[in-house]
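Asks: One file is attached below, model-v9.csv, containing CSV, C-alpha atoms.
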chain,number,residue,atom,x,y,z
A,1,MET,CA,70.3,115.4,66.0
A,2,THR,CA,68.4,114.0,69.0
A,3,GLU,CA,70.5,111.9,71.3
A,4,LYS,CA,69.7,108.2,71.2
A,5,ILE,CA,68.2,106.3,74.1
A,6,ASP,CA,70.6,103.7,75.5
A,7,VAL,CA,68.7,100.4,76.1
A,8,LEU,CA,70.2,97.6,78.2
A,9,LEU,CA,68.5,94.4,77.0
A,10,VAL,CA,68.7,91.6,79.6
A,11,GLU,CA,67.8,88.4,77.8
A,12,ASP,CA,69.4,85.0,77.5
A,13,SER,CA,67.8,83.9,74.3
A,14,ASP,CA,70.1,84.6,71.4
A,15,TYR,CA,67.1,84.5,69.0
A,16,ASP,CA,65.1,87.0,71.0
A,17,VAL,CA,68.2,89.3,71.4
A,18,ALA,CA,68.7,89.3,67.7
A,19,ILE,CA,65.1,90.0,66.9
A,20,LEU,CA,64.7,92.7,69.5
A,21,THR,CA,68.0,94.4,68.7
A,22,ALA,CA,67.2,94.5,65.0
A,23,ARG,CA,63.7,96.0,65.7
A,24,LEU,CA,65.0,98.7,68.0
A,25,ARG,CA,67.9,99.7,65.8
A,26,SER,CA,65.6,99.9,62.8
A,27,ASP,CA,63.6,102.6,64.7
A,28,GLY,CA,66.7,104.8,64.7
A,29,ARG,CA,66.2,106.2,68.2
A,30,PHE,CA,67.8,103.5,70.3
A,31,GLU,CA,71.2,102.1,71.0
A,32,VAL,CA,71.1,98.5,72.4
A,33,THR,CA,73.5,96.6,74.6
A,34,SER,CA,72.6,93.1,75.6
A,35,VAL,CA,73.6,90.8,78.5
A,36,PRO,CA,72.3,87.3,79.2
A,37,THR,CA,72.1,87.3,83.0
A,38,LEU,CA,71.1,89.4,86.0
A,39,ASN,CA,74.6,89.4,87.4
A,40,LYS,CA,76.0,90.7,84.2
A,41,ALA,CA,73.3,93.3,84.0
A,42,MET,CA,74.2,94.5,87.5
A,43,GLY,CA,77.9,94.8,86.5
A,44,LYS,CA,77.0,96.8,83.3
A,45,LEU,CA,74.8,99.2,85.3
A,46,LYS,CA,77.5,99.7,87.9
A,47,ASN,CA,80.2,100.6,85.3
A,48,GLY,CA,78.1,102.4,82.7
A,49,SER,CA,75.0,104.5,82.2
A,50,HIS,CA,71.8,103.3,80.5
A,51,ASP,CA,68.6,105.2,80.0
A,52,VAL,CA,66.1,102.2,80.2
A,53,ILE,CA,66.3,98.5,80.9
A,54,LEU,CA,64.3,96.0,78.8
A,55,MET,CA,64.4,92.6,80.6
A,56,ASP,CA,63.1,89.1,80.8
A,57,LEU,CA,62.2,87.9,84.3
A,58,ASN,CA,63.4,84.4,83.7
A,59,LEU,CA,67.2,84.3,83.4
A,60,PRO,CA,69.8,81.6,84.1
A,61,ASP,CA,70.7,83.2,87.4
A,62,SER,CA,67.3,84.5,88.6
A,63,SER,CA,63.7,83.7,88.0
A,64,GLY,CA,60.3,85.5,88.3
A,65,LEU,CA,59.4,88.6,90.2
A,66,ASP,CA,62.6,88.4,92.3
A,67,THR,CA,64.6,89.2,89.1
A,68,PHE,CA,63.0,92.6,88.9
A,69,ILE,CA,63.1,93.3,92.7
A,70,GLN,CA,66.8,92.6,92.9
A,71,LEU,CA,67.6,95.0,90.0
A,72,ASN,CA,65.1,97.7,91.1
A,73,THR,CA,66.5,97.6,94.7
A,74,ALA,CA,70.0,98.2,93.4
A,75,PHE,CA,69.1,100.8,90.8
A,76,PRO,CA,65.7,102.3,91.9
A,77,ASP,CA,66.0,105.4,89.6
A,78,LEU,CA,66.3,103.4,86.4
A,79,PRO,CA,63.1,102.7,84.4
A,80,VAL,CA,62.4,99.0,83.6
A,81,VAL,CA,60.2,97.5,80.9
A,82,ILE,CA,59.5,93.8,81.3
A,83,LEU,CA,59.6,91.3,78.4
A,84,THR,CA,56.9,88.7,78.7
A,85,GLY,CA,56.5,85.2,77.2
A,86,ASP,CA,53.2,83.5,76.6
A,87,ASP,CA,52.8,82.3,80.2
A,88,ASP,CA,54.2,85.0,82.4
A,89,HIS,CA,51.8,88.0,82.0
A,90,ASP,CA,50.9,87.7,85.7
A,91,LYS,CA,54.5,88.0,86.8
A,92,ALA,CA,54.9,91.0,84.5
A,93,MET,CA,51.9,92.7,86.0
A,94,LYS,CA,53.2,92.1,89.5
A,95,ALA,CA,56.5,93.7,88.4
A,96,VAL,CA,54.6,96.7,87.2
A,97,ALA,CA,52.8,96.9,90.5
A,98,ALA,CA,56.2,96.7,92.2
A,99,GLY,CA,57.6,99.6,90.2
A,100,ALA,CA,58.4,98.6,86.7
A,101,GLN,CA,57.2,101.1,84.1
A,102,ASP,CA,55.5,98.7,81.6
A,103,TYR,CA,55.6,95.3,80.0
A,104,VAL,CA,55.5,94.1,76.4
A,105,PRO,CA,55.2,90.6,74.9
A,106,LYS,CA,58.3,89.2,73.2
A,107,THR,CA,56.1,88.0,70.3
A,108,GLU,CA,54.7,91.5,69.6
A,109,GLY,CA,55.8,92.2,66.1
A,110,ASP,CA,54.9,95.9,65.9
A,111,ILE,CA,58.0,98.0,66.6
A,112,ARG,CA,55.8,101.0,67.4
A,113,ILE,CA,54.4,99.3,70.5
A,114,LEU,CA,57.9,98.4,71.8
A,115,SER,CA,59.4,101.8,71.0
A,116,ARG,CA,56.5,103.7,72.5
A,117,SER,CA,56.8,101.6,75.7
A,118,LEU,CA,60.5,102.3,76.1
A,119,LEU,CA,60.1,106.0,75.3
A,120,TYR,CA,57.3,106.5,77.7
A,121,ALA,CA,59.1,104.6,80.4
A,122,SER,CA,62.2,106.8,80.0
A,123,GLU,CA,60.1,110.0,80.0
A,124,ARG,CA,58.0,109.1,83.0
A,125,ASN,CA,61.0,108.0,84.9
A,126,ALA,CA,62.9,111.2,84.1
A,127,ARG,CA,59.9,113.2,85.4
A,128,SER,CA,59.8,111.1,88.5
A,129,VAL,CA,63.5,111.6,89.2
A,130,ILE,CA,63.1,115.4,88.8
A,131,GLN,CA,60.1,115.4,91.1
A,132,LYS,CA,62.0,113.4,93.8
A,133,ARG,CA,64.9,115.8,93.6
A,134,GLN,CA,62.6,118.8,93.8
A,135,ASN,CA,60.9,117.3,96.8
A,136,VAL,CA,64.3,117.0,98.5
A,137,ILE,CA,65.0,120.6,97.7
A,138,ASP,CA,61.6,121.8,98.9
A,139,ASN,CA,62.1,119.9,102.2
A,140,ASP,CA,65.5,121.4,102.7
A,141,LEU,CA,64.2,124.9,102.0
A,142,ALA,CA,61.3,124.4,104.4
A,143,VAL,CA,63.8,123.4,107.1
A,144,ALA,CA,66.0,126.4,106.2
A,145,ARG,CA,63.0,128.7,106.4
A,146,ARG,CA,62.1,127.5,109.9
A,147,ILE,CA,65.7,128.0,111.0
A,148,GLN,CA,65.8,131.5,109.6
A,149,GLN,CA,62.5,132.4,111.1
A,150,HIS,CA,63.8,131.2,114.4
A,151,LEU,CA,66.8,133.5,114.2
A,152,LEU,CA,64.5,136.5,114.0
A,153,PRO,CA,63.1,137.8,117.3
A,154,GLN,CA,60.2,135.7,118.3
A,155,GLN,CA,58.6,138.9,119.7
A,156,CYS,CA,59.4,142.5,120.0
A,157,PRO,CA,60.9,143.6,123.3
A,158,ASP,CA,59.0,145.5,125.9
A,159,ILE,CA,60.8,148.9,126.0
A,160,PRO,CA,59.5,151.3,128.6
A,161,GLY,CA,57.9,154.3,127.0
A,162,PHE,CA,57.9,152.8,123.5
A,163,GLU,CA,55.9,150.5,121.3
A,164,THR,CA,57.9,148.4,118.9
A,165,ALA,CA,56.8,146.3,115.9
A,166,ALA,CA,58.6,144.5,113.1
A,167,MET,CA,57.8,142.0,110.3
A,168,CYS,CA,59.9,140.1,107.7
A,169,ARG,CA,58.2,138.6,104.6
A,170,PRO,CA,60.7,136.7,102.4
A,171,VAL,CA,59.7,136.4,98.7
A,172,GLU,CA,61.1,132.9,98.6
A,173,ALA,CA,61.5,130.2,101.1
A,174,CYS,CA,64.5,132.0,102.6
A,175,GLY,CA,65.4,135.6,102.4
A,176,GLY,CA,68.2,138.1,102.8
A,177,ASP,CA,66.4,140.6,105.0
A,178,PHE,CA,66.6,140.6,108.7
A,179,TYR,CA,65.9,142.8,111.7
A,180,ASP,CA,66.9,142.5,115.4
A,181,PHE,CA,66.5,144.1,118.8
A,182,ILE,CA,69.7,143.6,120.8
A,183,PRO,CA,69.9,144.6,124.5
A,184,HIS,CA,72.9,146.8,125.3
A,185,GLN,CA,73.3,147.6,129.0
A,186,ASP,CA,70.3,150.0,129.7
A,187,CYS,CA,69.8,150.6,126.0
A,188,TRP,CA,68.4,148.7,123.0
A,189,ASP,CA,70.1,148.3,119.7
A,190,LEU,CA,67.7,148.3,116.7
A,191,VAL,CA,69.0,146.9,113.4
A,192,ILE,CA,67.4,146.2,110.0
A,193,ALA,CA,69.5,145.0,107.1
A,194,ASP,CA,69.1,143.8,103.5
A,195,VAL,CA,71.6,141.3,101.9
A,196,SER,CA,71.8,141.7,98.1
A,197,GLY,CA,69.6,139.2,96.3
A,198,HIS,CA,67.1,136.8,97.8
A,199,GLY,CA,67.1,133.1,98.3
A,200,PHE,CA,69.3,130.6,100.0
A,201,ALA,CA,72.8,132.3,99.6
A,202,PRO,CA,71.7,135.7,101.0
A,203,ALA,CA,69.9,133.8,103.9
A,204,MET,CA,73.2,132.2,104.9
A,205,ILE,CA,74.9,135.6,104.8
A,206,MET,CA,72.0,137.1,106.8
A,207,ALA,CA,72.5,134.4,109.5
A,208,GLN,CA,76.2,135.0,109.6
A,209,THR,CA,75.8,138.8,109.9
A,210,GLN,CA,73.1,138.6,112.6
A,211,THR,CA,75.3,136.3,114.7
A,212,LEU,CA,78.2,138.7,114.3
A,213,LEU,CA,76.1,141.7,115.3
A,214,ARG,CA,74.9,140.0,118.5
A,215,ALA,CA,78.5,139.0,119.4
A,216,LEU,CA,79.9,142.5,119.0
A,217,ALA,CA,77.0,144.7,120.2
A,218,GLY,CA,77.7,144.1,123.9
A,219,ARG,CA,81.4,144.9,123.5
A,220,ILE,CA,81.5,148.0,121.4
A,221,GLU,CA,80.0,151.3,122.8
A,222,ASP,CA,80.2,153.6,119.7
A,223,VAL,CA,77.7,152.6,117.0
A,224,GLY,CA,80.0,153.8,114.2
A,225,GLU,CA,82.9,151.6,115.6
A,226,LEU,CA,80.5,148.7,115.8
A,227,VAL,CA,79.4,149.0,112.2
A,228,THR,CA,83.0,149.4,111.1
A,229,ALA,CA,84.0,146.1,112.9
A,230,VAL,CA,81.0,144.3,111.3
A,231,ASN,CA,82.0,145.6,107.9
A,232,GLN,CA,85.6,144.3,108.2
A,233,GLU,CA,84.4,140.9,109.1
A,234,ILE,CA,81.9,140.8,106.2
A,235,CYS,CA,84.5,142.0,103.7
A,236,ARG,CA,86.7,139.2,104.9
A,237,ASP,CA,84.2,136.3,105.0
A,238,THR,CA,81.5,137.2,102.4
A,239,PRO,CA,81.9,136.1,98.7
A,240,GLU,CA,82.6,138.9,96.3
A,241,GLY,CA,79.4,140.3,94.7
A,242,HIS,CA,77.3,140.3,97.8
A,243,PHE,CA,76.8,143.3,100.0
A,244,ILE,CA,74.6,144.4,102.8
A,245,SER,CA,72.7,147.6,103.5
A,246,MET,CA,72.1,148.3,107.2
A,247,PHE,CA,70.6,150.8,109.6
A,248,TYR,CA,71.9,150.5,113.1
A,249,ALA,CA,70.6,152.6,116.0
A,250,ARG,CA,70.9,152.6,119.8
A,251,LEU,CA,67.9,153.7,121.8
A,252,ASN,CA,68.3,155.0,125.4
A,253,PRO,CA,64.8,154.7,126.8
A,254,ALA,CA,65.6,156.8,129.8
A,255,THR,CA,66.4,159.9,127.7
A,256,CYS,CA,64.5,158.9,124.5
A,257,THR,CA,67.7,159.4,122.6
A,258,LEU,CA,68.4,157.6,119.4
A,259,THR,CA,72.0,157.4,118.1
A,260,TYR,CA,72.5,155.8,114.7
A,261,SER,CA,74.9,154.8,112.0
A,262,ILE,CA,73.9,154.3,108.4
A,263,ALA,CA,75.4,151.8,106.0
A,264,GLY,CA,73.6,152.5,102.8
A,265,HIS,CA,70.2,152.1,104.4
A,266,PRO,CA,68.0,155.1,105.1
A,267,ALA,CA,65.3,155.5,107.8
A,268,THR,CA,62.6,158.0,108.5
A,269,ILE,CA,61.3,159.7,111.6
A,270,TYR,CA,57.7,161.0,111.5
A,271,ARG,CA,57.4,163.7,114.1
A,272,ALA,CA,54.2,164.2,116.0
A,273,ASP,CA,53.9,167.7,114.6
A,274,GLY,CA,53.9,166.5,111.0
A,275,GLN,CA,57.5,167.0,110.2
A,276,ILE,CA,59.3,164.2,108.4
A,277,LEU,CA,63.0,163.7,109.1
A,278,GLN,CA,64.9,161.6,106.6
A,279,LEU,CA,67.9,159.8,108.0
A,280,GLN,CA,70.0,158.9,104.9
A,281,GLU,CA,73.4,160.4,105.1
A,282,GLY,CA,76.0,157.8,106.1
A,283,GLY,CA,78.5,155.4,104.8
A,284,PRO,CA,78.4,152.9,101.9
A,285,VAL,CA,76.9,149.4,102.1
A,286,LEU,CA,78.8,146.7,104.0
A,287,GLY,CA,81.0,144.2,102.3
A,288,VAL,CA,82.6,146.5,99.7
A,289,PHE,CA,85.3,148.7,101.3
A,290,ASP,CA,87.1,146.9,104.1
A,291,ASP,CA,89.0,150.1,105.2
A,292,HIS,CA,86.0,152.4,105.5
A,293,ALA,CA,85.5,153.9,108.9
A,294,TYR,CA,81.8,154.3,109.7
A,295,LEU,CA,80.7,157.1,112.0
A,296,LYS,CA,78.0,157.9,114.4
A,297,ASP,CA,75.9,159.6,111.8
A,298,GLY,CA,73.4,161.3,114.1
A,299,GLU,CA,71.6,161.6,117.4
A,300,THR,CA,68.1,162.8,118.0
A,301,VAL,CA,65.6,162.9,120.8
A,302,LEU,CA,62.2,161.3,120.3
A,303,HIS,CA,59.1,162.9,121.7
A,304,PRO,CA,55.6,161.5,122.4
A,305,GLY,CA,53.9,160.6,119.1
A,306,ASP,CA,57.2,160.4,117.1
A,307,ARG,CA,57.6,157.3,115.0
A,308,LEU,CA,60.8,155.8,113.6
A,309,LEU,CA,60.1,153.7,110.5
A,310,ILE,CA,62.7,151.6,108.7
A,311,THR,CA,62.0,149.4,105.7
A,312,THR,CA,64.0,147.3,103.3
A,313,ASP,CA,63.8,148.4,99.6
A,314,GLY,CA,61.4,145.5,98.8
A,315,ILE,CA,58.6,147.7,100.0
A,316,PRO,CA,59.2,151.1,98.2
A,317,GLU,CA,60.5,149.3,95.1
A,318,THR,CA,57.4,147.1,94.7
A,319,MET,CA,56.2,147.6,91.2
A,320,SER,CA,52.6,147.8,89.9
A,321,PRO,CA,51.5,146.0,86.7
A,322,ASN,CA,52.0,149.4,84.8
A,323,ARG,CA,55.6,149.5,86.2
A,324,GLN,CA,55.0,152.3,88.7
A,325,LEU,CA,56.9,152.1,92.0
A,326,PHE,CA,55.1,151.9,95.4
A,327,GLY,CA,57.6,154.5,96.6
A,328,GLN,CA,58.1,156.4,99.9
A,329,GLU,CA,55.0,158.6,99.1
A,330,GLN,CA,52.7,155.6,99.3
A,331,ILE,CA,54.3,154.6,102.6
A,332,HIS,CA,53.8,158.1,103.9
A,333,ALA,CA,50.2,158.0,102.8
A,334,GLN,CA,49.6,154.7,104.6
A,335,LEU,CA,51.1,156.1,107.8
A,336,GLN,CA,49.0,159.2,107.7
A,337,GLN,CA,45.9,157.0,107.5
A,338,GLN,CA,46.8,154.8,110.4
A,339,HIS,CA,45.9,155.6,114.0
A,340,SER,CA,46.2,152.0,115.2
A,341,THR,CA,49.0,150.1,117.0
A,342,SER,CA,52.4,149.9,115.4
A,343,LEU,CA,51.9,146.2,114.5
A,344,GLU,CA,48.7,146.9,112.7
A,345,THR,CA,50.3,149.9,111.0
A,346,ILE,CA,53.2,147.9,109.5
A,347,GLN,CA,50.9,145.0,108.5
A,348,ASN,CA,48.8,147.5,106.6
A,349,VAL,CA,51.9,148.9,104.9
A,350,ILE,CA,53.0,145.5,103.7
A,351,GLU,CA,49.5,144.6,102.6
A,352,ALA,CA,49.1,147.8,100.6
A,353,ALA,CA,52.4,147.1,98.8
A,354,ILE,CA,51.2,143.5,98.0
A,355,GLN,CA,47.9,144.9,96.6
A,356,PHE,CA,49.8,147.5,94.7
A,357,ALA,CA,51.7,144.8,92.8
A,358,ALA,CA,48.6,142.6,92.2
A,359,PRO,CA,47.8,140.5,90.3
A,360,SER,CA,51.6,140.0,90.0
A,361,ALA,CA,53.6,138.7,92.9
A,362,VAL,CA,56.1,140.9,94.7
A,363,GLN,CA,59.6,140.3,93.6
A,364,ASP,CA,61.7,141.1,96.7
A,365,ASP,CA,61.9,140.4,100.4
A,366,MET,CA,59.9,142.9,102.5
A,367,THR,CA,60.9,143.9,106.0
A,368,ILE,CA,59.7,146.8,108.2
A,369,MET,CA,60.3,148.0,111.7
A,370,MET,CA,58.5,150.7,113.6
A,371,LEU,CA,59.4,152.4,116.9
A,372,ASN,CA,56.6,154.5,118.4
A,373,CYS,CA,57.5,156.9,121.2
A,374,LEU,CA,54.7,157.0,123.8
A,375,ARG,CA,56.2,159.5,126.3
A,376,GLY,CA,58.9,162.1,126.7
A,377,ASN,CA,62.2,161.7,128.6
A,378,SER,CA,62.3,161.5,132.3
So, in terms of structure tokens, how does the structure I just supplied come out?
Replies:
Amino acid sequence: MTEKIDVLLVEDSDYDVAILTARLRSDGRFEVTSVPTLNKAMGKLKNGSHDVILMDLNLPDSSGLDTFIQLNTAFPDLPVVILTGDDDHDKAMKAVAAGAQDYVPKTEGDIRILSRSLLYASERNARSVIQKRQNVIDNDLAVARRIQQHLLPQQCPDIPGFETAAMCRPVEACGGDFYDFIPHQDCWDLVIADVSGHGFAPAMIMAQTQTLLRALAGRIEDVGELVTAVNQEICRDTPEGHFISMFYARLNPATCTLTYSIAGHPATIYRADGQILQLQEGGPVLGVFDDHAYLKDGETVLHPGDRLLITTDGIPETMSPNRQLFGQEQIHAQLQQQHSTSLETIQNVIEAAIQFAAPSAVQDDMTIMMLNCLRGNS
């Protein structure tokens, strides 16, 4: 059974109250409560909930347009339908211009007109309230997106002998992916991570984790110990059900040495001679096992023309309309076609994944980082 609409009738004429109440109750879709003054209407609305207000503008304690303005100011989200007599149509029209949903003559005998006016007023107001709430949410998300984008590096660092590029494309206003370049003495720490899920909650965890990494990176020398410390903090402070995959590497530009620790997040080195080195052996994702000791999972020397590529799973797991995955093979193919700068290369990879999913939209955040070695060690 459909829930009835609760009408507050604000009318001081006992005769009109009796007629209007009888008409509305005969419709079967309305419950009616009546009060004779504006003051009593205010009290009713403060202490109870009503779906729509049906009111006369001329009451014992208030008269004219001011009657509506007082009530609407106190309860702006409640729909109001004005009752009019023979001589106050102009006032009713002014009330509608000021925000009332509609007006109906008291003398109108057709219950269908009165019912339709109340139903439409309630429905229009409900849509308006939902839209206002959505606007608030949209504005909050826009602010959150700007804050999150500000947390990411505003530009990639100038590392002698290397070209760096990175991009993050959230699927919603906020995302759970992030990347960073963190200076560490004469080295640079490279990090890319993916918080499970996407949206506002992962974005908050992302900001927390990035802040934690920046705080610890300058104090801990061994990358495995650093990832271990980060994991312990995440396990302690992150709600159950969320986890983070992360690839963490320390680059020494003087020796072109890359030392790395893997927490459930692989990376790939494309050698200048055509060999492909998959960096995927490591520890579990962060935020699950608080006693796990992460290790330095490897160390390699980069040579001129070598490229380190790290992506979050939103790129290889992009799905086509026929449910095929974009996959690592497509990423490899894109890289083999590219002989441009690192930034153009990663832009082309993301664009290829988006086109692969078309006409559907991608379903996950997409983040990619590339490190291109331009010279050998000194």
Asks: Go ahead and find all residues with at least one atom no further than 7 Å from (81.5, 145.3, 98.5) in the file's coordinates, using all atoms listed in the file; report them as a compact mmCIF listing (two decimals) with C-alpha atoms, keeping the file's coordinate frame.
Replies:
# COMPACT_ATOMS: atom_id res chain seq x y z
CA CYS A 235 84.50 142.00 103.70
CA GLU A 240 82.60 138.90 96.30
CA GLY A 241 79.40 140.30 94.70
CA HIS A 242 77.30 140.30 97.80
CA PHE A 243 76.80 143.30 100.00
CA LEU A 286 78.80 146.70 104.00
CA GLY A 287 81.00 144.20 102.30
CA VAL A 288 82.60 146.50 99.70
CA PHE A 289 85.30 148.70 101.30
Asks: Need the shell around A:Val171: protein/DNA/RNA residues with any atom at most 10 Å away, counting all atoms listed in the file. Skip same-chain ones fewer than 3 positions apart. Format as a ChimeraX atom specification?
Replies: /A:168,174-176,198-199,314,361-366
Asks: Counting all atoms listed in the file, which residue out of A:Arg127, A:Arg133, A:His50, A:His265 sits closest to A:Ala193?
Replies: A:His265
Asks: Any idea what the distance is between atom CA of A:Val81 and atom CA of A:Ile53?
Replies: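 Distance between the two atoms: 6.2 Å.
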Asks: So what do you get for atom CA of A:Asp297 versus atom CA of A:Asn372, distance-wise?
Replies: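 Straight-line distance from atom CA of A:Asp297 to atom CA of A:Asn372 works out to 21.0 Å.
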Asks: Which is closest to A:Asp158 among A:Ala249, A:Val32, A:Cys187, A:Val195, if we use all atoms listed in the file?
Replies: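 Of the candidates, the smallest distance to A:Asp158 is held by A:Cys187.
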Asks: Name the closest residue to A:His89 among the candidates A:Ile315, A:Val7, A:Leu57, A:Ala166; distances are taken between atoms, counting only C-alpha atoms.
Replies: A:Leu57
Asks: Between A:Val227, A:Ile368, A:Leu251, A:Ala207, which has the minimum distance to A:Gly264 (counting all atoms listed in the file)?
Replies: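 That would be A:Val227, the residue with the smallest distance to A:Gly264.
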Asks: Which polymer residues, whether protein, DNA or RNA, lie within 8 Å of the coordinate (52.5, 161.0, 109.0) when you count all atoms listed in the file? List them as a ChimeraX atom specification, using the chain letters and numbers from the file.
Replies: /A:270-272,274-276,332-333,335-337
Asks: Restricting the calculation to all atoms listed in the file, which member of A:Gln149, A:Asp51, A:Leu258, A:Ile137 is positioned closest to A:Arg169?
Replies: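 Smallest distance to A:Arg169 is found for A:Gln149.
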Asks: Using Å and a single decimal, report how far atom CA of A:Pro157 sits from atom CA of A:Leu302.
Replies: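 Rounded to one decimal, the two atoms are 18.0 Å apart.
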Asks: Counting all atoms listed in the file, which residue out of A:Met42, A:Leu277, A:Leu309, A:Val230 sits closest to A:His292?
Replies: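 Between A:Met42, A:Leu277, A:Leu309, A:Val230, the residue approaching A:His292 most closely is A:Val230.
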Asks: Contacts of A:Cys373 at 6 Å or less, counting only C-alpha atoms, minus same-chain residues fewer than 3 places along, as a PyMOL selection string?
Replies: chain A and resi 162+304-306
Asks: Could you pull the residues within 10 Å of A:Thr107, counting all atoms listed in the file, minus those fewer than 4 positions along the same chain, as a PyMOL selection string?
Replies: chain A and resi 16+19-20+83-86
Asks: Skip stretch 93-102 of chain A itself and residues of its chain fewer than 2 positions away, then list as a ChimeraX atom specification all residues within 10 Å of it, counting all atoms listed in the file.
Replies: /A:52-54,57,64-69,72,76,78-84,88-91,104,117-118,120-122,124-125
Asks: Give me the residues near stretch 58-62 of chain A as a short mmCIF file (atom, residue, chain, number, x, y, z; two decimals) with C-alpha atoms, keeping the file's coordinate frame, where near means some atom within 7 Å (using all atoms listed in the file) and where sequence neighbours in that chain fewer than 2 positions away do not count.
Replies:
data_model
loop_
_atom_site.label_atom_id
_atom_site.label_comp_id
_atom_site.auth_asym_id
_atom_site.auth_seq_id
_atom_site.Cartn_x
_atom_site.Cartn_y
_atom_site.Cartn_z
CA GLU A 11 67.80 88.40 77.80
CA ASP A 12 69.40 85.00 77.50
CA THR A 37 72.10 87.30 83.00
CA LEU A 38 71.10 89.40 86.00
CA ASP A 56 63.10 89.10 80.80
CA GLY A 64 60.30 85.50 88.30
CA THR A 67 64.60 89.20 89.10
#
Asks: Missing atoms in stretch 351-368 of chain A should be modelled up to N, CA and C atoms and reported as a compact mmCIF listing (two decimals), in the coordinates of the input.
Replies:
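Result file is out-v3.txt:
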# COMPACT_ATOMS: atom_id res chain seq x y z
N GLU A 351 50.63 145.00 103.37
CA GLU A 351 49.50 144.60 102.60
C GLU A 351 49.18 145.54 101.46
N ALA A 352 49.36 146.84 101.70
CA ALA A 352 49.10 147.80 100.60
C ALA A 352 50.14 147.64 99.51
N ALA A 353 51.39 147.31 99.84
CA ALA A 353 52.40 147.10 98.80
C ALA A 353 52.06 145.82 97.99
N ILE A 354 51.59 144.77 98.67
CA ILE A 354 51.20 143.50 98.00
C ILE A 354 50.05 143.82 97.02
N GLN A 355 49.06 144.56 97.48
CA GLN A 355 47.90 144.90 96.60
C GLN A 355 48.32 145.80 95.48
N PHE A 356 49.32 146.65 95.70
CA PHE A 356 49.80 147.50 94.70
C PHE A 356 50.40 146.74 93.50
N ALA A 357 51.04 145.60 93.83
CA ALA A 357 51.70 144.80 92.80
C ALA A 357 50.67 143.84 92.11
N ALA A 358 49.54 143.58 92.76
CA ALA A 358 48.60 142.60 92.20
C ALA A 358 48.08 142.98 90.84
N PRO A 359 47.84 141.97 89.99
CA PRO A 359 47.80 140.50 90.30
C PRO A 359 49.21 139.87 90.29
N SER A 360 50.25 140.62 89.97
CA SER A 360 51.60 140.00 90.00
C SER A 360 52.05 139.84 91.44
N ALA A 361 53.00 138.94 91.62
CA ALA A 361 53.60 138.70 92.90
C ALA A 361 54.70 139.72 93.18
N VAL A 362 54.95 140.06 94.43
CA VAL A 362 56.10 140.90 94.70
C VAL A 362 57.37 140.18 94.42
N GLN A 363 58.42 140.94 94.12
CA GLN A 363 59.60 140.30 93.60
C GLN A 363 60.82 140.40 94.58
N ASP A 364 60.61 140.95 95.78
CA ASP A 364 61.70 141.10 96.70
C ASP A 364 61.23 140.88 98.13
N ASP A 365 62.18 140.56 99.01
CA ASP A 365 61.90 140.40 100.40
C ASP A 365 61.33 141.76 100.96
N MET A 366 60.43 141.71 101.93
CA MET A 366 59.90 142.90 102.50
C MET A 366 60.01 142.86 104.03
N THR A 367 60.71 143.83 104.57
CA THR A 367 60.90 143.90 106.00
C THR A 367 60.67 145.31 106.49
N ILE A 368 60.03 145.45 107.64
CA ILE A 368 59.70 146.80 108.20
C ILE A 368 59.75 146.74 109.68
